[in-house]
Amino acid sequence: QVQLVESGGDLVQPGGSLRLSCAASGFTFSNYDMSWYRQAPGKQRELVAQITSYGTTNYVDSVKGRFTISRDNAKNTVYLQMNSLKSEDTAVYYCNAQFVLRRYWGQGTQVAVSS
């Protein structure tokens with residue numbers, strides 16, 4: 001059974017930091033490209049950051065220099081370190097795994113940035 005379980009979402013003040021984690025099971029994690037998406041209220045889901053099975057990373061322009069995606073294949077876990085958080089980062093963050101035509105989603109974790 002495939003599972004992606006996100007954790008680490010919280011309420012944080014602007015300028016603060018959070019680290020999201022996504023624990024994967026039920027598939028060969030190291031073969032998959034892993035991504036973080038987010039969806040703010042009233043907006044479409046957008047790709048935030050991706051790390052390929054080879055370790056190549058990509059980020060949406062709005063988070064470059066502030067967010068860092070990483071993966072630990074030994075722990076079947078992908079992380080998103082988020083620094084200098086802004087109110088516009090408020091969203092539900094989803095973990096995604098993709099390999100060819102196979103795609104899996106987590107249930108999401110809420111990040112709220114507010115003073």
# chains A, B, ... in the order shown; residues from 1 in each chain; ligands from 1

call {"tool": "select_by_dssp", "arguments": {"residues": "chain A", "states": "strand (DSSP E or B)", "output": "ChimeraX atom specification"}}
result
/A:3-7,11-12,18-25,33-39,46-51,57-59,67-72,77-82,91-99,102-105,109-113

call {"tool": "write_last_selection", "arguments": {"atoms": "C-alpha atoms", "output": "compact mmCIF listing (two decimals), in the first residue's frame"}}
result
# COMPACT_ATOMS: atom_id res chain seq x y z
CA GLN A 3 1.54 6.04 1.52
CA LEU A 4 2.90 9.57 1.59
CA VAL A 5 2.55 11.14 5.01
CA GLU A 6 3.38 14.83 5.39
CA SER A 7 4.16 16.48 8.70
CA LEU A 11 1.36 28.50 12.30
CA VAL A 12 4.47 30.66 12.11
CA LEU A 18 9.52 25.45 9.16
CA ARG A 19 10.69 22.08 7.96
CA LEU A 20 8.17 19.83 6.28
CA SER A 21 8.72 16.08 6.05
CA CYS A 22 7.11 13.49 3.82
CA ALA A 23 7.54 9.85 4.79
CA ALA A 24 6.99 7.41 1.92
CA SER A 25 6.20 3.73 1.92
CA ASP A 33 11.15 12.12 -8.46
CA MET A 34 9.77 13.83 -5.36
CA SER A 35 8.04 17.20 -5.27
CA TRP A 36 6.27 19.59 -2.96
CA TYR A 37 3.19 21.37 -4.21
CA ARG A 38 1.02 23.88 -2.44
CA GLN A 39 -2.51 25.15 -2.75
CA GLU A 46 1.32 24.90 -7.82
CA LEU A 47 4.66 23.15 -7.92
CA VAL A 48 6.98 24.58 -5.26
CA ALA A 49 10.08 22.41 -5.45
CA GLN A 50 11.24 19.16 -7.00
CA ILE A 51 14.14 16.81 -6.43
CA THR A 57 16.54 20.28 -7.68
CA ASN A 58 14.18 22.86 -9.14
CA TYR A 59 12.19 25.63 -7.48
CA PHE A 67 13.27 27.03 0.44
CA THR A 68 15.43 23.94 0.15
CA ILE A 69 14.23 20.50 -0.88
CA SER A 70 16.22 17.43 0.08
CA ARG A 71 15.75 13.69 0.29
CA ASP A 72 17.05 10.84 2.40
CA THR A 77 11.75 10.75 3.30
CA VAL A 78 11.74 14.06 1.45
CA TYR A 79 12.05 17.39 3.25
CA LEU A 80 11.24 21.00 2.53
CA GLN A 81 13.16 23.51 4.61
CA MET A 82 11.33 26.83 4.46
CA ALA A 91 -1.19 27.11 1.88
CA VAL A 92 -1.72 23.40 2.21
CA TYR A 93 1.52 21.71 1.18
CA TYR A 94 1.34 18.36 -0.60
CA CYS A 95 4.01 15.76 -1.19
CA ASN A 96 4.11 14.14 -4.62
CA ALA A 97 5.97 11.13 -5.97
CA GLN A 98 6.31 10.46 -9.68
CA PHE A 99 7.94 7.74 -11.76
CA ARG A 102 2.89 6.53 -11.70
CA ARG A 103 2.00 9.43 -9.48
CA TYR A 104 1.12 9.50 -5.80
CA TRP A 105 -0.07 12.28 -3.47
CA THR A 109 -0.12 19.63 5.74
CA GLN A 110 -1.24 23.17 6.55
CA VAL A 111 1.27 26.02 6.70
CA ALA A 112 -0.02 29.36 7.95
CA VAL A 113 2.20 32.43 8.06

call {"tool": "residues_around", "arguments": {"residues": "Gly15 of chain A", "least_positions_apart": "5", "cutoff": "7 Å", "atoms": "only C-alpha atoms", "output": "MDAnalysis selection string"}}
result
chainID A and resid 84:86

call {"tool": "write_last_selection", "arguments": {"atoms": "all heavy atoms", "output": "mmCIF file, in the first residue's frame"}}
result
data_model
loop_
_atom_site.group_PDB
_atom_site.id
_atom_site.type_symbol
_atom_site.label_atom_id
_atom_site.label_comp_id
_atom_site.auth_asym_id
_atom_site.auth_seq_id
_atom_site.Cartn_x
_atom_site.Cartn_y
_atom_site.Cartn_z
ATOM 1 N N SER A 84 12.583 32.313 5.998
ATOM 2 C CA SER A 84 12.086 33.646 5.630
ATOM 3 C C SER A 84 10.655 33.580 5.105
ATOM 4 O O SER A 84 10.334 34.137 4.050
ATOM 5 C CB SER A 84 13.005 34.279 4.584
ATOM 6 O OG SER A 84 14.324 34.358 5.060
ATOM 7 N N LEU A 85 9.816 32.910 5.846
ATOM 8 C CA LEU A 85 8.447 32.688 5.385
ATOM 9 C C LEU A 85 7.679 33.993 5.284
ATOM 10 O O LEU A 85 7.869 34.919 6.093
ATOM 11 C CB LEU A 85 7.736 31.716 6.312
ATOM 12 C CG LEU A 85 8.127 30.251 6.084
ATOM 13 C CD1 LEU A 85 7.774 29.399 7.292
ATOM 14 C CD2 LEU A 85 7.446 29.710 4.833
ATOM 15 N N LYS A 86 6.809 34.042 4.283
ATOM 16 C CA LYS A 86 5.981 35.209 4.016
ATOM 17 C C LYS A 86 4.509 34.810 4.102
ATOM 18 O O LYS A 86 4.177 33.620 3.959
ATOM 19 C CB LYS A 86 6.274 35.753 2.615
ATOM 20 C CG LYS A 86 7.733 36.085 2.359
ATOM 21 C CD LYS A 86 7.940 36.516 0.914
ATOM 22 C CE LYS A 86 9.401 36.821 0.629
ATOM 23 N NZ LYS A 86 9.626 37.231 -0.783
#
